[in-house]
Amino acid sequence: MSENPASVVGECPHCRAPIRADHPYAWCAECGQALPQEIRDRTAAPRAGSPPPPPEARTGERVEFRYFRGTLATWGDLFAQAAEFATRVGRENLVGISHSADHDDGVVTVWYWVDA
């Protein structure tokens with residue numbers, strides 16, 4: 001079956017695989033390399049639960065975190081702060097969100113990718 005040319009928005013600069021408008025990742029599904037921003041802007045946003053890119057596609061990036069902690073803050077406050085920060089980070093850079101508690105001390109941590 002041939003590809004509908006109208007649905008192709010570009011090609012991977014690394015392996016030349018066609019990239020369709022409904023492509024759900026920020027990286028090429030064929031070779032795992034990051035796609036240029038101009039191609040990502042023409043594709044579907046990454047979906048929640050999409051698999052992370054292969055490690056070789058993350059060359060030059062590292063994982064960082066920001067935590068939200070408070071003995072006087074409610075869980076709702078901590079989760080709201082973490083959610084607002086995670087929204088600014090963007091789903092394509094978000095690794096995950098974790099939380100823990102020790103007595104009255106709650107911590108919510110946002111893990112995300114940054115350029116090295």
# chains A, B, ... in the order shown; residues from 1 in each chain; ligands from 1
$ residues_around --residues "Glu11 (chain A)" --least-positions-apart "4" --cutoff "9 Å" --atoms "only C-alpha atoms" --output "list in words"
Cys15, Arg16, Ala17, Pro18, Ile19, Arg20, Cys28, Leu35 and Ile39 of chain A
$ residues_around --residues "region 80-82 of chain A" --least-positions-apart "5" --cutoff "10 Å" --atoms "only C-alpha atoms" --output "PDB file with all heavy atoms, in the first residue's frame"
ATOM      1  N   ARG A  66      13.084  18.402  39.909  1.00  0.00           N
ATOM      2  CA  ARG A  66      12.708  19.499  40.799  1.00  0.00           C
ATOM      3  C   ARG A  66      11.714  18.921  41.785  1.00  0.00           C
ATOM      4  O   ARG A  66      10.804  18.194  41.388  1.00  0.00           O
ATOM      5  CB  ARG A  66      12.081  20.648  40.030  1.00  0.00           C
ATOM      6  CG  ARG A  66      11.704  21.799  40.940  1.00  0.00           C
ATOM      7  CD  ARG A  66      11.371  23.036  40.158  1.00  0.00           C
ATOM      8  NE  ARG A  66      10.872  24.051  41.062  1.00  0.00           N
ATOM      9  CZ  ARG A  66      10.353  25.190  40.672  1.00  0.00           C
ATOM     10  NH1 ARG A  66      10.247  25.452  39.391  1.00  0.00           N
ATOM     11  NH2 ARG A  66       9.918  26.058  41.541  1.00  0.00           N
ATOM     12  N   TYR A  67      11.930  19.205  43.060  1.00  0.00           N
ATOM     13  CA  TYR A  67      11.009  18.657  44.050  1.00  0.00           C
ATOM     14  C   TYR A  67      10.227  19.763  44.745  1.00  0.00           C
ATOM     15  O   TYR A  67      10.666  20.909  44.819  1.00  0.00           O
ATOM     16  CB  TYR A  67      11.726  17.754  45.059  1.00  0.00           C
ATOM     17  CG  TYR A  67      12.734  18.453  45.943  1.00  0.00           C
ATOM     18  CD1 TYR A  67      12.361  19.030  47.152  1.00  0.00           C
ATOM     19  CD2 TYR A  67      14.072  18.512  45.579  1.00  0.00           C
ATOM     20  CE1 TYR A  67      13.270  19.657  47.962  1.00  0.00           C
ATOM     21  CE2 TYR A  67      14.997  19.132  46.383  1.00  0.00           C
ATOM     22  CZ  TYR A  67      14.601  19.702  47.581  1.00  0.00           C
ATOM     23  OH  TYR A  67      15.515  20.326  48.383  1.00  0.00           O
ATOM     24  N   PHE A  68       9.057  19.379  45.207  1.00  0.00           N
ATOM     25  CA  PHE A  68       8.144  20.268  45.915  1.00  0.00           C
ATOM     26  C   PHE A  68       7.889  19.620  47.266  1.00  0.00           C
ATOM     27  O   PHE A  68       7.448  18.478  47.334  1.00  0.00           O
ATOM     28  CB  PHE A  68       6.852  20.453  45.110  1.00  0.00           C
ATOM     29  CG  PHE A  68       7.126  20.995  43.737  1.00  0.00           C
ATOM     30  CD1 PHE A  68       7.438  20.136  42.690  1.00  0.00           C
ATOM     31  CD2 PHE A  68       7.124  22.356  43.501  1.00  0.00           C
ATOM     32  CE1 PHE A  68       7.729  20.621  41.427  1.00  0.00           C
ATOM     33  CE2 PHE A  68       7.413  22.850  42.243  1.00  0.00           C
ATOM     34  CZ  PHE A  68       7.718  21.986  41.204  1.00  0.00           C
ATOM     35  N   ARG A  69       8.205  20.339  48.339  1.00  0.00           N
ATOM     36  CA  ARG A  69       8.189  19.757  49.674  1.00  0.00           C
ATOM     37  C   ARG A  69       7.527  20.734  50.624  1.00  0.00           C
ATOM     38  O   ARG A  69       7.651  21.932  50.475  1.00  0.00           O
ATOM     39  CB  ARG A  69       9.631  19.503  50.080  1.00  0.00           C
ATOM     40  CG  ARG A  69       9.830  19.038  51.460  1.00  0.00           C
ATOM     41  CD  ARG A  69      11.310  18.878  51.761  1.00  0.00           C
ATOM     42  NE  ARG A  69      11.471  17.726  52.605  1.00  0.00           N
ATOM     43  CZ  ARG A  69      12.518  16.975  52.644  1.00  0.00           C
ATOM     44  NH1 ARG A  69      13.553  17.240  51.885  1.00  0.00           N
ATOM     45  NH2 ARG A  69      12.568  15.948  53.449  1.00  0.00           N
ATOM     46  N   THR A  74      -0.537  21.249  51.868  1.00  0.00           N
ATOM     47  CA  THR A  74      -1.388  20.061  51.705  1.00  0.00           C
ATOM     48  C   THR A  74      -0.895  19.268  50.496  1.00  0.00           C
ATOM     49  O   THR A  74      -0.158  19.790  49.649  1.00  0.00           O
ATOM     50  CB  THR A  74      -2.856  20.462  51.470  1.00  0.00           C
ATOM     51  OG1 THR A  74      -2.948  21.124  50.201  1.00  0.00           O
ATOM     52  CG2 THR A  74      -3.377  21.371  52.578  1.00  0.00           C
ATOM     53  N   TRP A  75      -1.326  18.006  50.409  1.00  0.00           N
ATOM     54  CA  TRP A  75      -0.982  17.208  49.231  1.00  0.00           C
ATOM     55  C   TRP A  75      -1.514  17.882  47.971  1.00  0.00           C
ATOM     56  O   TRP A  75      -0.857  17.905  46.939  1.00  0.00           O
ATOM     57  CB  TRP A  75      -1.545  15.788  49.353  1.00  0.00           C
ATOM     58  CG  TRP A  75      -0.693  14.887  50.180  1.00  0.00           C
ATOM     59  CD1 TRP A  75      -0.988  14.379  51.405  1.00  0.00           C
ATOM     60  CD2 TRP A  75       0.606  14.404  49.851  1.00  0.00           C
ATOM     61  NE1 TRP A  75       0.053  13.604  51.852  1.00  0.00           N
ATOM     62  CE2 TRP A  75       1.048  13.592  50.918  1.00  0.00           C
ATOM     63  CE3 TRP A  75       1.454  14.561  48.766  1.00  0.00           C
ATOM     64  CZ2 TRP A  75       2.280  12.948  50.927  1.00  0.00           C
ATOM     65  CZ3 TRP A  75       2.693  13.923  48.774  1.00  0.00           C
ATOM     66  CH2 TRP A  75       3.091  13.126  49.834  1.00  0.00           C
ATOM     67  N   THR A  87       3.750  20.821  33.433  1.00  0.00           N
ATOM     68  CA  THR A  87       3.113  21.375  32.237  1.00  0.00           C
ATOM     69  C   THR A  87       4.082  22.292  31.507  1.00  0.00           C
ATOM     70  O   THR A  87       4.185  22.252  30.277  1.00  0.00           O
ATOM     71  CB  THR A  87       1.828  22.134  32.612  1.00  0.00           C
ATOM     72  OG1 THR A  87       0.933  21.220  33.255  1.00  0.00           O
ATOM     73  CG2 THR A  87       1.162  22.744  31.388  1.00  0.00           C
ATOM     74  N   ARG A  88       4.840  23.105  32.261  1.00  0.00           N
ATOM     75  CA  ARG A  88       5.832  23.995  31.637  1.00  0.00           C
ATOM     76  C   ARG A  88       6.980  23.206  31.017  1.00  0.00           C
ATOM     77  O   ARG A  88       7.508  23.593  29.976  1.00  0.00           O
ATOM     78  CB  ARG A  88       6.374  25.005  32.640  1.00  0.00           C
ATOM     79  CG  ARG A  88       5.399  26.146  32.892  1.00  0.00           C
ATOM     80  CD  ARG A  88       5.997  27.238  33.743  1.00  0.00           C
ATOM     81  NE  ARG A  88       6.040  26.786  35.129  1.00  0.00           N
ATOM     82  CZ  ARG A  88       7.068  26.941  35.945  1.00  0.00           C
ATOM     83  NH1 ARG A  88       8.147  27.546  35.542  1.00  0.00           N
ATOM     84  NH2 ARG A  88       7.018  26.499  37.180  1.00  0.00           N
ATOM     85  N   ILE A  97       6.692  11.580  37.444  1.00  0.00           N
ATOM     86  CA  ILE A  97       6.437  12.305  38.689  1.00  0.00           C
ATOM     87  C   ILE A  97       6.330  11.263  39.789  1.00  0.00           C
ATOM     88  O   ILE A  97       5.652  10.253  39.634  1.00  0.00           O
ATOM     89  CB  ILE A  97       5.138  13.129  38.600  1.00  0.00           C
ATOM     90  CG1 ILE A  97       5.239  14.148  37.462  1.00  0.00           C
ATOM     91  CG2 ILE A  97       4.847  13.829  39.926  1.00  0.00           C
ATOM     92  CD1 ILE A  97       3.960  14.902  37.172  1.00  0.00           C
ATOM     93  N   SER A  98       7.029  11.506  40.900  1.00  0.00           N
ATOM     94  CA  SER A  98       6.971  10.578  42.029  1.00  0.00           C
ATOM     95  C   SER A  98       6.624  11.365  43.294  1.00  0.00           C
ATOM     96  O   SER A  98       6.761  12.576  43.341  1.00  0.00           O
ATOM     97  CB  SER A  98       8.304   9.849  42.192  1.00  0.00           C
ATOM     98  OG  SER A  98       9.368  10.769  42.379  1.00  0.00           O
ATOM     99  N   VAL A 107       6.777  15.016  49.803  1.00  0.00           N
ATOM    100  CA  VAL A 107       7.644  15.434  48.711  1.00  0.00           C
ATOM    101  C   VAL A 107       7.066  14.916  47.398  1.00  0.00           C
ATOM    102  O   VAL A 107       6.721  13.739  47.292  1.00  0.00           O
ATOM    103  CB  VAL A 107       9.085  14.887  48.879  1.00  0.00           C
ATOM    104  CG1 VAL A 107       9.962  15.312  47.703  1.00  0.00           C
ATOM    105  CG2 VAL A 107       9.698  15.347  50.184  1.00  0.00           C
ATOM    106  N   VAL A 108       6.955  15.808  46.400  1.00  0.00           N
ATOM    107  CA  VAL A 108       6.560  15.430  45.049  1.00  0.00           C
ATOM    108  C   VAL A 108       7.720  15.843  44.142  1.00  0.00           C
ATOM    109  O   VAL A 108       8.178  16.988  44.190  1.00  0.00           O
ATOM    110  CB  VAL A 108       5.254  16.130  44.609  1.00  0.00           C
ATOM    111  CG1 VAL A 108       4.885  15.733  43.194  1.00  0.00           C
ATOM    112  CG2 VAL A 108       4.124  15.817  45.580  1.00  0.00           C
ATOM    113  N   THR A 109       8.212  14.907  43.335  1.00  0.00           N
ATOM    114  CA  THR A 109       9.366  15.166  42.478  1.00  0.00           C
ATOM    115  C   THR A 109       8.967  15.022  41.008  1.00  0.00           C
ATOM    116  O   THR A 109       8.312  14.059  40.638  1.00  0.00           O
ATOM    117  CB  THR A 109      10.515  14.183  42.789  1.00  0.00           C
ATOM    118  OG1 THR A 109      10.798  14.243  44.192  1.00  0.00           O
ATOM    119  CG2 THR A 109      11.763  14.539  42.008  1.00  0.00           C
ATOM    120  N   VAL A 110       9.385  15.999  40.199  1.00  0.00           N
ATOM    121  CA  VAL A 110       9.178  15.973  38.746  1.00  0.00           C
ATOM    122  C   VAL A 110      10.531  15.687  38.110  1.00  0.00           C
ATOM    123  O   VAL A 110      11.494  16.408  38.338  1.00  0.00           O
ATOM    124  CB  VAL A 110       8.603  17.308  38.230  1.00  0.00           C
ATOM    125  CG1 VAL A 110       8.463  17.275  36.707  1.00  0.00           C
ATOM    126  CG2 VAL A 110       7.294  17.635  38.899  1.00  0.00           C
TER     127      VAL A 110
END
$ closest_residue --among "A:Gly106, A:Asn93, A:Gly76, A:Val63" --to "Trp27 (chain A)" --atoms "only C-alpha atoms"
A:Asn93
$ atom_distance --atom1 "CA of Cys12 (chain A)" --atom2 "CA of Glu61 (chain A)"
19.7 Å
$ closest_residue --among "A:Gly96, A:Gly90, A:Gly10, A:Gly70" --to "Thr43 (chain A)" --atoms "only C-alpha atoms"
A:Gly10
$ atom_distance --atom1 "CA of Thr71 (chain A)" --atom2 "CA of His103 (chain A)"
9.1 Å
$ select_by_dssp --residues "chain A" --states "alpha helix (DSSP H)" --output "ChimeraX atom specification"
/A:37-40,75-89
$ write_last_selection --atoms "N, CA and C atoms" --output "PDB file, in the first residue's frame"
ATOM      1  N   GLN A  37      13.016  20.159  15.002  1.00  0.00           N
ATOM      2  CA  GLN A  37      11.852  20.859  15.524  1.00  0.00           C
ATOM      3  C   GLN A  37      10.849  21.196  14.423  1.00  0.00           C
ATOM      4  N   GLU A  38      11.315  21.576  13.228  1.00  0.00           N
ATOM      5  CA  GLU A  38      10.380  21.948  12.161  1.00  0.00           C
ATOM      6  C   GLU A  38       9.506  20.765  11.734  1.00  0.00           C
ATOM      7  N   ILE A  39      10.017  19.548  11.829  1.00  0.00           N
ATOM      8  CA  ILE A  39       9.188  18.368  11.527  1.00  0.00           C
ATOM      9  C   ILE A  39       8.265  18.070  12.703  1.00  0.00           C
ATOM     10  N   ARG A  40       8.784  18.163  13.934  1.00  0.00           N
ATOM     11  CA  ARG A  40       7.945  17.908  15.118  1.00  0.00           C
ATOM     12  C   ARG A  40       6.776  18.883  15.192  1.00  0.00           C
ATOM     13  N   TRP A  75      -1.326  18.006  50.409  1.00  0.00           N
ATOM     14  CA  TRP A  75      -0.982  17.208  49.231  1.00  0.00           C
ATOM     15  C   TRP A  75      -1.514  17.882  47.971  1.00  0.00           C
ATOM     16  N   GLY A  76      -2.709  18.458  48.074  1.00  0.00           N
ATOM     17  CA  GLY A  76      -3.280  19.156  46.922  1.00  0.00           C
ATOM     18  C   GLY A  76      -2.396  20.288  46.446  1.00  0.00           C
ATOM     19  N   ASP A  77      -1.830  21.053  47.399  1.00  0.00           N
ATOM     20  CA  ASP A  77      -0.927  22.149  47.049  1.00  0.00           C
ATOM     21  C   ASP A  77       0.342  21.627  46.369  1.00  0.00           C
ATOM     22  N   LEU A  78       0.930  20.581  46.961  1.00  0.00           N
ATOM     23  CA  LEU A  78       2.159  20.023  46.390  1.00  0.00           C
ATOM     24  C   LEU A  78       1.924  19.467  44.990  1.00  0.00           C
ATOM     25  N   PHE A  79       0.831  18.717  44.823  1.00  0.00           N
ATOM     26  CA  PHE A  79       0.531  18.154  43.509  1.00  0.00           C
ATOM     27  C   PHE A  79       0.221  19.258  42.497  1.00  0.00           C
ATOM     28  N   ALA A  80      -0.459  20.307  42.905  1.00  0.00           N
ATOM     29  CA  ALA A  80      -0.763  21.420  41.993  1.00  0.00           C
ATOM     30  C   ALA A  80       0.517  22.111  41.534  1.00  0.00           C
ATOM     31  N   GLN A  81       1.455  22.337  42.460  1.00  0.00           N
ATOM     32  CA  GLN A  81       2.735  22.961  42.097  1.00  0.00           C
ATOM     33  C   GLN A  81       3.509  22.077  41.128  1.00  0.00           C
ATOM     34  N   ALA A  82       3.556  20.778  41.424  1.00  0.00           N
ATOM     35  CA  ALA A  82       4.277  19.849  40.554  1.00  0.00           C
ATOM     36  C   ALA A  82       3.623  19.764  39.179  1.00  0.00           C
ATOM     37  N   ALA A  83       2.296  19.747  39.130  1.00  0.00           N
ATOM     38  CA  ALA A  83       1.581  19.668  37.862  1.00  0.00           C
ATOM     39  C   ALA A  83       1.828  20.912  37.017  1.00  0.00           C
ATOM     40  N   GLU A  84       1.846  22.069  37.651  1.00  0.00           N
ATOM     41  CA  GLU A  84       2.089  23.316  36.917  1.00  0.00           C
ATOM     42  C   GLU A  84       3.502  23.313  36.332  1.00  0.00           C
ATOM     43  N   PHE A  85       4.481  22.872  37.119  1.00  0.00           N
ATOM     44  CA  PHE A  85       5.858  22.798  36.634  1.00  0.00           C
ATOM     45  C   PHE A  85       5.980  21.767  35.508  1.00  0.00           C
ATOM     46  N   ALA A  86       5.376  20.599  35.674  1.00  0.00           N
ATOM     47  CA  ALA A  86       5.434  19.548  34.650  1.00  0.00           C
ATOM     48  C   ALA A  86       4.799  20.030  33.348  1.00  0.00           C
ATOM     49  N   THR A  87       3.750  20.821  33.433  1.00  0.00           N
ATOM     50  CA  THR A  87       3.113  21.375  32.237  1.00  0.00           C
ATOM     51  C   THR A  87       4.082  22.292  31.507  1.00  0.00           C
ATOM     52  N   ARG A  88       4.840  23.105  32.261  1.00  0.00           N
ATOM     53  CA  ARG A  88       5.832  23.995  31.637  1.00  0.00           C
ATOM     54  C   ARG A  88       6.980  23.206  31.017  1.00  0.00           C
ATOM     55  N   VAL A  89       7.378  22.094  31.649  1.00  0.00           N
ATOM     56  CA  VAL A  89       8.444  21.247  31.107  1.00  0.00           C
ATOM     57  C   VAL A  89       8.017  20.677  29.760  1.00  0.00           C
TER      58      VAL A  89
END
$ closest_residue --among "A:Phe65, A:Pro13, A:Ser100, A:Val114" --to "Cys31 (chain A)" --atoms "only C-alpha atoms"
A:Pro13
$ atom_distance --atom1 "CA of Trp113 (chain A)" --atom2 "CA of Gln33 (chain A)"
15.3 Å
